[in-house]
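Visitor: Take a look at protein.cif, mmCIF, C-alpha atoms:
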data_my_file
#
loop_
_atom_site.group_PDB
_atom_site.id
_atom_site.type_symbol
_atom_site.label_atom_id
_atom_site.label_comp_id
_atom_site.auth_asym_id
_atom_site.auth_seq_id
_atom_site.Cartn_x
_atom_site.Cartn_y
_atom_site.Cartn_z
ATOM 1 C CA MET A 26 12.552 10.277 10.263
ATOM 2 C CA THR A 27 10.309 10.036 13.322
ATOM 3 C CA ILE A 28 6.591 10.454 12.680
ATOM 4 C CA SER A 29 4.924 12.507 15.400
ATOM 5 C CA GLY A 30 1.642 13.453 13.757
ATOM 6 C CA THR A 31 -0.500 13.775 10.676
ATOM 7 C CA TYR A 32 1.882 16.149 8.900
ATOM 8 C CA ASP A 33 4.852 13.781 9.251
ATOM 9 C CA LEU A 34 2.703 10.852 8.157
ATOM 10 C CA SER A 35 1.551 12.729 5.068
ATOM 11 C CA LYS A 36 5.167 13.587 4.213
ATOM 12 C CA ARG A 37 6.069 9.916 4.404
ATOM 13 C CA PHE A 38 3.431 9.084 1.805
ATOM 14 C CA ASP A 39 4.561 12.053 -0.301
ATOM 15 C CA ASN A 40 8.102 10.695 -0.219
ATOM 16 C CA MET A 41 6.962 7.239 -1.278
ATOM 17 C CA ALA A 42 4.931 8.709 -4.128
ATOM 18 C CA GLU A 43 7.953 10.706 -5.275
ATOM 19 C CA THR A 44 10.146 7.589 -5.144
ATOM 20 C CA ILE A 45 7.713 5.589 -7.289
ATOM 21 C CA ASN A 46 7.098 8.453 -9.732
ATOM 22 C CA THR A 47 10.853 8.796 -10.215
ATOM 23 C CA LEU A 48 11.139 5.059 -10.805
ATOM 24 C CA ILE A 49 8.349 5.091 -13.403
ATOM 25 C CA LYS A 50 10.121 7.869 -15.307
ATOM 26 C CA ALA A 51 13.437 6.000 -15.085
ATOM 27 C CA ARG A 52 11.840 2.790 -16.391
ATOM 28 C CA ASP A 53 10.187 4.533 -19.335
ATOM 29 C CA ALA A 54 13.402 6.375 -20.182
ATOM 30 C CA ALA A 55 15.411 3.138 -19.990
ATOM 31 C CA TYR A 56 13.105 1.284 -22.364
ATOM 32 C CA SER A 57 13.023 4.253 -24.739
ATOM 33 C CA GLN A 58 16.828 4.150 -24.862
ATOM 34 C CA ILE A 59 16.805 0.376 -25.360
ATOM 35 C CA GLU A 60 14.311 0.709 -28.206
ATOM 36 C CA ALA A 61 16.540 3.306 -29.886
ATOM 37 C CA ILE A 62 19.590 1.080 -29.495
ATOM 38 C CA ASN A 63 17.831 -1.951 -30.963
ATOM 39 C CA ASN A 64 16.691 0.147 -33.927
ATOM 40 C CA ASN A 65 20.191 1.496 -34.591
ATOM 41 C CA GLU A 66 21.498 -0.418 -37.592
ATOM 42 C CA ASP A 67 24.979 1.071 -37.197
ATOM 43 C CA LEU A 68 25.614 -0.982 -34.053
ATOM 44 C CA THR A 69 26.758 -4.584 -34.039
ATOM 45 C CA PRO A 70 24.698 -7.150 -32.077
ATOM 46 C CA GLU A 71 27.479 -7.236 -29.494
ATOM 47 C CA GLY A 72 27.501 -3.454 -29.257
ATOM 48 C CA LYS A 73 23.727 -3.343 -28.837
ATOM 49 C CA GLN A 74 23.788 -5.971 -26.113
ATOM 50 C CA LYS A 75 26.537 -4.166 -24.219
ATOM 51 C CA ARG A 76 24.605 -0.898 -24.201
ATOM 52 C CA VAL A 77 21.325 -2.604 -23.272
ATOM 53 C CA ASP A 78 23.038 -4.388 -20.371
ATOM 54 C CA GLU A 79 24.432 -1.082 -19.126
ATOM 55 C CA ILE A 80 20.970 0.497 -19.146
ATOM 56 C CA HIS A 81 19.429 -2.483 -17.354
ATOM 57 C CA ASN A 82 22.164 -2.502 -14.724
ATOM 58 C CA ALA A 83 21.710 1.219 -14.041
ATOM 59 C CA TYR A 84 17.947 0.827 -13.783
ATOM 60 C CA ALA A 85 18.327 -2.219 -11.528
ATOM 61 C CA GLU A 86 20.425 -0.128 -9.148
ATOM 62 C CA GLY A 87 17.694 2.501 -9.196
ATOM 63 C CA LYS A 88 15.118 -0.136 -8.286
ATOM 64 C CA LYS A 89 17.259 -1.337 -5.419
ATOM 65 C CA GLU A 90 17.525 2.203 -4.058
ATOM 66 C CA ALA A 91 13.754 2.659 -4.429
ATOM 67 C CA LEU A 92 13.192 -0.608 -2.542
ATOM 68 C CA ILE A 93 15.375 0.551 0.338
ATOM 69 C CA GLN A 94 13.630 3.933 0.532
ATOM 70 C CA LEU A 95 10.151 2.371 0.476
ATOM 71 C CA HIS A 96 11.068 -0.156 3.158
ATOM 72 C CA TYR A 97 12.492 2.602 5.375
ATOM 73 C CA ALA A 98 9.261 4.570 4.976
ATOM 74 C CA ILE A 99 7.099 1.541 5.815
ATOM 75 C CA ASN A 100 9.229 0.861 8.907
ATOM 76 C CA ASP A 101 8.725 4.466 10.058
ATOM 77 C CA ILE A 102 4.965 4.207 9.569
ATOM 78 C CA CYS A 103 4.926 0.899 11.466
ATOM 79 C CA GLU A 104 6.790 2.524 14.363
ATOM 80 C CA TRP A 105 4.319 5.424 14.365
ATOM 81 C CA ASP A 106 1.359 3.033 14.273
ATOM 82 C CA ASN A 107 2.632 1.041 17.239
ATOM 83 C CA GLY A 108 3.131 4.262 19.201
ATOM 84 C CA ASN A 109 -0.319 5.509 18.243
ATOM 85 C CA ALA A 110 -2.101 2.473 19.644
ATOM 86 C CA GLU A 111 -2.970 3.827 23.090
ATOM 87 C CA LEU A 112 -6.579 3.886 24.206
ATOM 88 C CA ASP A 113 -7.377 7.473 25.207
ATOM 89 C CA LEU A 114 -10.480 7.303 27.374
ATOM 90 C CA LYS A 115 -10.435 11.068 27.897
ATOM 91 C CA ASN A 116 -11.553 11.632 24.335
ATOM 92 C CA GLU A 117 -15.183 12.785 24.714
ATOM 93 C CA GLN A 118 -16.242 11.778 21.189
ATOM 94 C CA PHE A 119 -14.922 8.254 21.650
ATOM 95 C CA LYS A 120 -16.482 7.948 25.127
ATOM 96 C CA GLU A 121 -19.838 8.970 23.696
ATOM 97 C CA ALA A 122 -19.531 6.412 20.885
ATOM 98 C CA MET A 123 -18.708 3.680 23.414
ATOM 99 C CA GLN A 124 -21.719 4.592 25.565
ATOM 100 C CA ILE A 125 -24.057 4.436 22.603
ATOM 101 C CA ALA A 126 -22.554 1.093 21.525
ATOM 102 C CA SER A 127 -22.943 -0.294 25.063
ATOM 103 C CA TYR A 128 -26.635 0.586 25.337
ATOM 104 C CA VAL A 129 -27.724 -0.262 21.823
ATOM 105 C CA GLY A 130 -29.938 -3.304 21.470
ATOM 106 C CA GLY A 131 -29.609 -5.965 18.847
ATOM 107 C CA SER A 132 -30.578 -3.651 15.995
ATOM 108 C CA VAL A 133 -27.067 -2.823 14.853
ATOM 109 C CA THR A 134 -27.359 -1.269 11.403
ATOM 110 C CA PRO A 135 -24.735 -0.197 8.835
ATOM 111 C CA GLU A 136 -25.809 3.410 9.387
ATOM 112 C CA LEU A 137 -25.213 3.147 13.144
ATOM 113 C CA VAL A 138 -21.840 1.477 12.725
ATOM 114 C CA ASN A 139 -20.697 4.021 10.131
ATOM 115 C CA SER A 140 -21.782 6.889 12.355
ATOM 116 C CA LEU A 141 -19.990 5.571 15.445
ATOM 117 C CA MET A 142 -16.840 4.814 13.430
ATOM 118 C CA LYS A 143 -16.431 8.544 12.800
ATOM 119 C CA ASN A 144 -15.675 9.006 16.502
ATOM 120 C CA CYS A 145 -12.658 6.678 16.380
ATOM 121 C CA THR A 146 -9.213 8.013 15.511
ATOM 122 C CA ASN A 147 -7.030 4.894 15.697
ATOM 123 C CA ARG A 148 -7.239 1.144 15.265
ATOM 124 C CA ILE A 149 -7.432 0.404 19.025
ATOM 125 C CA GLN A 150 -10.547 2.538 19.416
ATOM 126 C CA LEU A 151 -12.018 0.928 16.326
ATOM 127 C CA GLU A 152 -11.346 -2.565 17.700
ATOM 128 C CA CYS A 153 -13.059 -1.675 20.999
ATOM 129 C CA LEU A 154 -16.112 -0.359 19.187
ATOM 130 C CA TYR A 155 -16.225 -3.412 16.946
ATOM 131 C CA THR A 156 -16.009 -5.829 19.894
ATOM 132 C CA ILE A 157 -18.898 -4.148 21.754
ATOM 133 C CA LEU A 158 -21.161 -3.886 18.707
ATOM 134 C CA LYS A 159 -20.428 -7.441 17.647
ATOM 135 C CA ASP A 160 -21.390 -8.662 21.095
ATOM 136 C CA LYS A 161 -24.682 -6.740 20.963
ATOM 137 C CA TYR A 162 -25.565 -7.754 17.440
ATOM 138 C CA ARG A 163 -28.392 -10.216 16.827
ATOM 139 C CA ALA A 164 -27.889 -11.955 13.513
ATOM 140 C CA PRO A 165 -30.927 -12.453 11.239
ATOM 141 C CA ALA A 166 -32.813 -15.612 12.132
ATOM 142 C CA ASN A 167 -33.572 -16.858 8.640
ATOM 143 C CA PHE A 168 -32.431 -16.655 5.032
ATOM 144 C CA THR A 169 -35.047 -14.065 4.066
ATOM 145 C CA GLU A 170 -33.831 -11.659 6.745
ATOM 146 C CA ILE A 171 -30.189 -12.298 5.856
ATOM 147 C CA ALA A 172 -30.857 -11.552 2.190
ATOM 148 C CA SER A 173 -32.667 -8.298 2.987
ATOM 149 C CA CYS A 174 -30.249 -7.006 5.640
ATOM 150 C CA PRO A 175 -26.798 -5.766 4.540
ATOM 151 C CA ASP A 176 -23.846 -6.740 6.703
ATOM 152 C CA PRO A 177 -23.556 -3.903 9.252
ATOM 153 C CA PHE A 178 -19.894 -4.652 9.987
ATOM 154 C CA ARG A 179 -18.507 -4.569 6.437
ATOM 155 C CA ALA A 180 -17.165 -1.013 6.705
ATOM 156 C CA ILE A 181 -15.583 -1.407 10.128
ATOM 157 C CA GLU A 182 -14.085 -4.820 9.333
ATOM 158 C CA SER A 183 -12.421 -3.362 6.251
ATOM 159 C CA LYS A 184 -10.494 -1.037 8.579
ATOM 160 C CA LEU A 185 -9.388 -3.631 11.139
ATOM 161 C CA TYR A 186 -5.881 -4.997 10.728
ATOM 162 C CA ASN A 187 -3.008 -6.725 12.458
ATOM 163 C CA PRO A 188 -0.152 -4.171 12.277
ATOM 164 C CA VAL A 189 2.604 -6.793 12.156
ATOM 165 C CA GLU A 190 0.946 -8.596 9.257
ATOM 166 C CA LEU A 191 0.019 -5.399 7.410
ATOM 167 C CA TYR A 192 3.515 -3.897 7.305
ATOM 168 C CA GLU A 193 5.404 -7.137 6.764
ATOM 169 C CA ASN A 194 3.041 -8.169 3.964
ATOM 170 C CA THR A 195 3.375 -4.739 2.356
ATOM 171 C CA LYS A 196 7.176 -4.893 2.493
ATOM 172 C CA THR A 197 7.138 -8.372 0.967
ATOM 173 C CA LYS A 198 4.843 -7.222 -1.846
ATOM 174 C CA VAL A 199 7.022 -4.166 -2.516
ATOM 175 C CA TYR A 200 10.001 -6.466 -2.938
ATOM 176 C CA GLU A 201 8.099 -8.893 -5.166
ATOM 177 C CA TYR A 202 6.769 -6.144 -7.438
ATOM 178 C CA LEU A 203 10.242 -4.629 -7.887
ATOM 179 C CA LYS A 204 12.227 -7.853 -8.065
ATOM 180 C CA ASP A 205 12.094 -8.943 -11.709
ATOM 181 C CA ASN A 206 9.407 -7.677 -14.016
ATOM 182 C CA ASP A 207 9.606 -3.988 -14.916
ATOM 183 C CA PHE A 208 5.852 -3.879 -15.536
ATOM 184 C CA MET A 209 4.557 -4.413 -12.006
ATOM 185 C CA LEU A 210 4.702 -0.816 -10.824
ATOM 186 C CA HIS A 211 0.912 -0.424 -10.959
ATOM 187 C CA LYS A 212 0.638 -3.300 -8.448
ATOM 188 C CA LEU A 213 3.309 -1.656 -6.301
ATOM 189 C CA ILE A 214 1.206 1.519 -6.247
ATOM 190 C CA GLY A 215 -1.872 -0.518 -5.309
ATOM 191 C CA CYS A 216 -0.271 -2.184 -2.304
ATOM 192 C CA ILE A 217 1.024 1.127 -0.871
ATOM 193 C CA ARG A 218 -2.372 2.715 -1.433
ATOM 194 C CA GLY A 219 -4.046 -0.256 0.291
ATOM 195 C CA MET A 220 -1.786 0.182 3.318
ATOM 196 C CA ARG A 221 -2.653 3.874 3.479
ATOM 197 C CA ASP A 222 -6.392 3.175 3.298
ATOM 198 C CA LYS A 223 -6.102 0.787 6.244
ATOM 199 C CA ILE A 224 -4.284 3.114 8.603
ATOM 200 C CA VAL A 225 -6.048 6.406 7.853
ATOM 201 C CA ILE A 226 -8.860 6.275 10.427
ATOM 202 C CA ASN A 227 -10.496 9.672 10.927
ATOM 203 C CA VAL A 228 -7.190 11.428 11.541
ATOM 204 C CA ASP A 229 -7.336 15.124 12.389
ATOM 205 C CA ARG A 230 -6.720 16.133 8.766
ATOM 206 C CA PRO A 231 -7.511 13.071 6.626
ATOM 207 C CA ASN A 232 -7.190 14.914 3.314
ATOM 208 C CA MET A 233 -3.500 15.404 4.004
ATOM 209 C CA ILE A 234 -2.821 11.677 3.883
ATOM 210 C CA CYS A 235 -2.757 11.347 0.135
ATOM 211 C CA PHE A 236 -0.693 9.264 -2.245
ATOM 212 C CA ASN A 237 -0.478 11.091 -5.552
ATOM 213 C CA ILE A 238 0.982 8.948 -8.299
ATOM 214 C CA THR A 239 1.210 9.498 -12.016
ATOM 215 C CA GLU A 240 -0.449 6.206 -12.952
ATOM 216 C CA PRO A 241 1.723 4.299 -15.449
ATOM 217 C CA LYS A 242 0.080 3.281 -18.702
ATOM 218 C CA ILE A 243 -0.333 -0.473 -18.952
ATOM 219 C CA ASP A 244 -0.253 -2.581 -22.085
ATOM 220 C CA MET A 245 -1.431 -5.855 -20.565
ATOM 221 C CA GLN A 246 -0.193 -8.070 -23.392
ATOM 222 C CA ALA A 247 3.173 -6.364 -23.330
ATOM 223 C CA GLU A 248 3.277 -6.844 -19.553
ATOM 224 C CA ILE A 249 2.508 -10.559 -19.820
ATOM 225 C CA ASN A 250 5.048 -11.083 -22.593
ATOM 226 C CA ALA A 251 7.723 -9.141 -20.751
ATOM 227 C CA GLY A 252 7.081 -11.087 -17.565
ATOM 228 C CA MET A 253 7.427 -14.375 -19.456
ATOM 229 C CA GLY A 254 10.567 -13.222 -21.231
ATOM 230 C CA LEU A 255 8.926 -13.635 -24.643
ATOM 231 C CA GLN A 256 9.682 -11.810 -27.861
ATOM 232 C CA GLY A 257 7.372 -9.097 -29.159
ATOM 233 C CA ALA A 258 6.821 -7.641 -25.705
ATOM 234 C CA GLY A 259 6.405 -4.156 -27.076
ATOM 235 C CA VAL A 260 9.659 -3.205 -25.384
ATOM 236 C CA LYS A 261 12.916 -5.081 -25.696
ATOM 237 C CA GLY A 262 15.459 -6.045 -23.125
ATOM 238 C CA GLY A 263 13.685 -8.590 -20.929
ATOM 239 C CA TYR A 264 14.215 -8.504 -17.183
ATOM 240 C CA SER A 265 15.896 -5.894 -15.040
ATOM 241 C CA PRO A 266 16.285 -7.667 -11.691
ATOM 242 C CA ILE A 267 17.223 -5.985 -8.448
ATOM 243 C CA LYS A 268 20.776 -6.727 -7.367
ATOM 244 C CA ALA A 269 19.923 -7.570 -3.783
ATOM 245 C CA ALA A 270 19.377 -10.545 -1.547
ATOM 246 C CA TYR A 271 16.278 -10.877 0.629
ATOM 247 C CA ILE A 272 16.888 -13.354 3.451
ATOM 248 C CA ASN A 273 14.382 -14.075 6.215
ATOM 249 C CA GLY A 274 12.560 -10.842 5.521
ATOM 250 C CA VAL A 275 15.730 -8.717 5.702
ATOM 251 C CA LEU A 276 17.241 -6.876 2.750
ATOM 252 C CA THR A 277 20.976 -7.549 2.498
#
What would the structure in this file look like if it were written as structure tokens?
Guide:
Amino acid sequence: MTISGTYDLSKRFDNMAETINTLIKARDAAYSQIEAINNNEDLTPEGKQKRVDEIHNAYAEGKKEALIQLHYAINDICEWDNGNAELDLKNEQFKEAMQIASYVGGSVTPELVNSLMKNCTNRIQLECLYTILKDKYRAPANFTEIASCPDPFRAIESKLYNPVELYENTKTKVYEYLKDNDFMLHKLIGCIRGMRDKIVINVDRPNMICFNITEPKIDMQAEINAGMGLQGAGVKGGYSPIKAAYINGVLT
């Protein structure tokens, strides 16, 4: 799917949210079934293990499909980002922000930076603004001034990113969080949300770019035990690894 604007971008995040929500439901259903099997005294140990393995294998296939879908979505967003990196000097709001940044003295404040950031609609514009303001900025001369003056560039620096690193790192994290432990989905959600927060820079309809997830409940001790393969994890069955190879950053 080619992303041509805010609507398409928002649909991509909707699709990723749906993929993860479906996976959370599948995981919870799988462990509920495993719990019922392990509590069924009419089954032999061999019979229990066979049924548990079948559930894990089915869920592992579901995780592999989710991984593929998420990676496809990230690739589409990366392609959109690279095509959205042109510097449009005809944009009056951006031109005005650049003029103000060019004539400002050394008194660059957080309020000024935050105000000018609102006139930027993509990372290239933001980088230009940052470069000019950074060049104009006069750092506090002593410790007392440093302690009393907040960093004016904190907000804008939090939005700057290298697109190659951002998308490749996100894809790697998605794979890592799906690979073995079934209790890493909250971290998976966090890394997708972090990617979204980086790329949404004053788009025409920013409220559209959402990422609505039914947050999974986390039992931290159960998560740790499950990740270590220990008994008493709260749920039984151990790992459910993805049946896929990941070689040189490419899913095979």
Visitor: Show me the residues around (16.8, -2.3, -33.9) - criterion: an atom at most 12 Å away, only C-alpha atoms counted - as a ChimeraX atom specification.
Guide: /A:57-70,72-74,77,260-262
Visitor: Between atom CA of Ser127 of chain A and atom CA of Leu141 of chain A, measure the distance and give it in Å to one decimal.
Guide: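 Atom CA of Leu141 of chain A lies 11.6 Å from atom CA of Ser127 of chain A.
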Visitor: For Met233 of chain A, list every protein, DNA or RNA residue within 9 Å, evaluated using only C-alpha atoms, and leave out those in the same chain fewer than 4 positions away; present the list as a ChimeraX atom specification.
Guide: /A:31-32,34-36
Visitor: Do you know which residues the PyMOL selection byres ((chain A and resi 153) around 12) returns on this file, as a PyMOL selection string?
Guide: chain A and resi 110-114+119-120+122-124+126-127+141-142+144-152+154-160+181+185
Visitor: Just so the selection is clear, what residues does the PyMOL selection byres ((chain A and resi 46) around 10) cover here, as number ranges by chain?
Guide: A: 40-45, 47-52, 210, 214, 237-241
Visitor: Written as an MDAnalysis selection string, which residues does the PyMOL selection byres ((chain A and resi 135) around 7) give for the file shown?
Guide: chainID A and resid 133:134 136:139 176:178
Visitor: How many Å lie between atom CA of Ile28 of chain A and atom CA of Lys115 of chain A, rounded to one decimal?
Guide: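 Between atom CA of Ile28 of chain A and atom CA of Lys115 of chain A the gap works out to 22.8 Å.
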Visitor: Quick one: residues within 12 Å of (16.5, 2.9, -10.4) (file frame), counting all atoms listed in the file, please, as JSON, numbers by chain.
Guide: {"A": [44, 45, 46, 47, 48, 49, 50, 51, 52, 53, 54, 55, 80, 81, 82, 83, 84, 85, 86, 87, 88, 89, 90, 91, 92, 93, 94, 203, 204, 207, 265, 266, 267, 268]}
Visitor: Find the residues near Thr27 of chain A: any atom within 10 Å, counting all atoms listed in the file, skip ones fewer than 6 places away on the same chain, and give them as a list of chain:residue names.
Guide: A:Asp33, A:Leu34, A:Arg37, A:Asp101, A:Ile102, A:Glu104, A:Trp105
Visitor: Quick one: axis-aligned box around all listed atoms of segment 34-44 of chain A, 8 Å on every side, centre and edge lengths in Å to one decimal, written as lines of an AutoDock Vina configuration file.
Guide:
center_x = 5.8
center_y = 10.4
center_z = 1.4
size_x = 24.6
size_y = 22.3
size_z = 29.4
Visitor: Interatomic distance between atom CA of Ala98 of chain A and atom CA of Ser183 of chain A?
Guide: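 Those two atoms sit 23.1 Å apart.
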Visitor: Of the candidates A:Tyr186, A:Thr197, A:Val129, A:Tyr202, which shows the shortest atom-to-atom distance to Lys223 of chain A, using only C-alpha atoms?
Guide: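 For Lys223 of chain A, the nearest of the candidates is A:Tyr186.
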Visitor: When distances are computed from all atoms listed in the file, which of A:Asp78, A:Asp39, A:Glu201, A:Asp106 shows the smallest separation from Arg218 of chain A?
Guide: A:Asp39
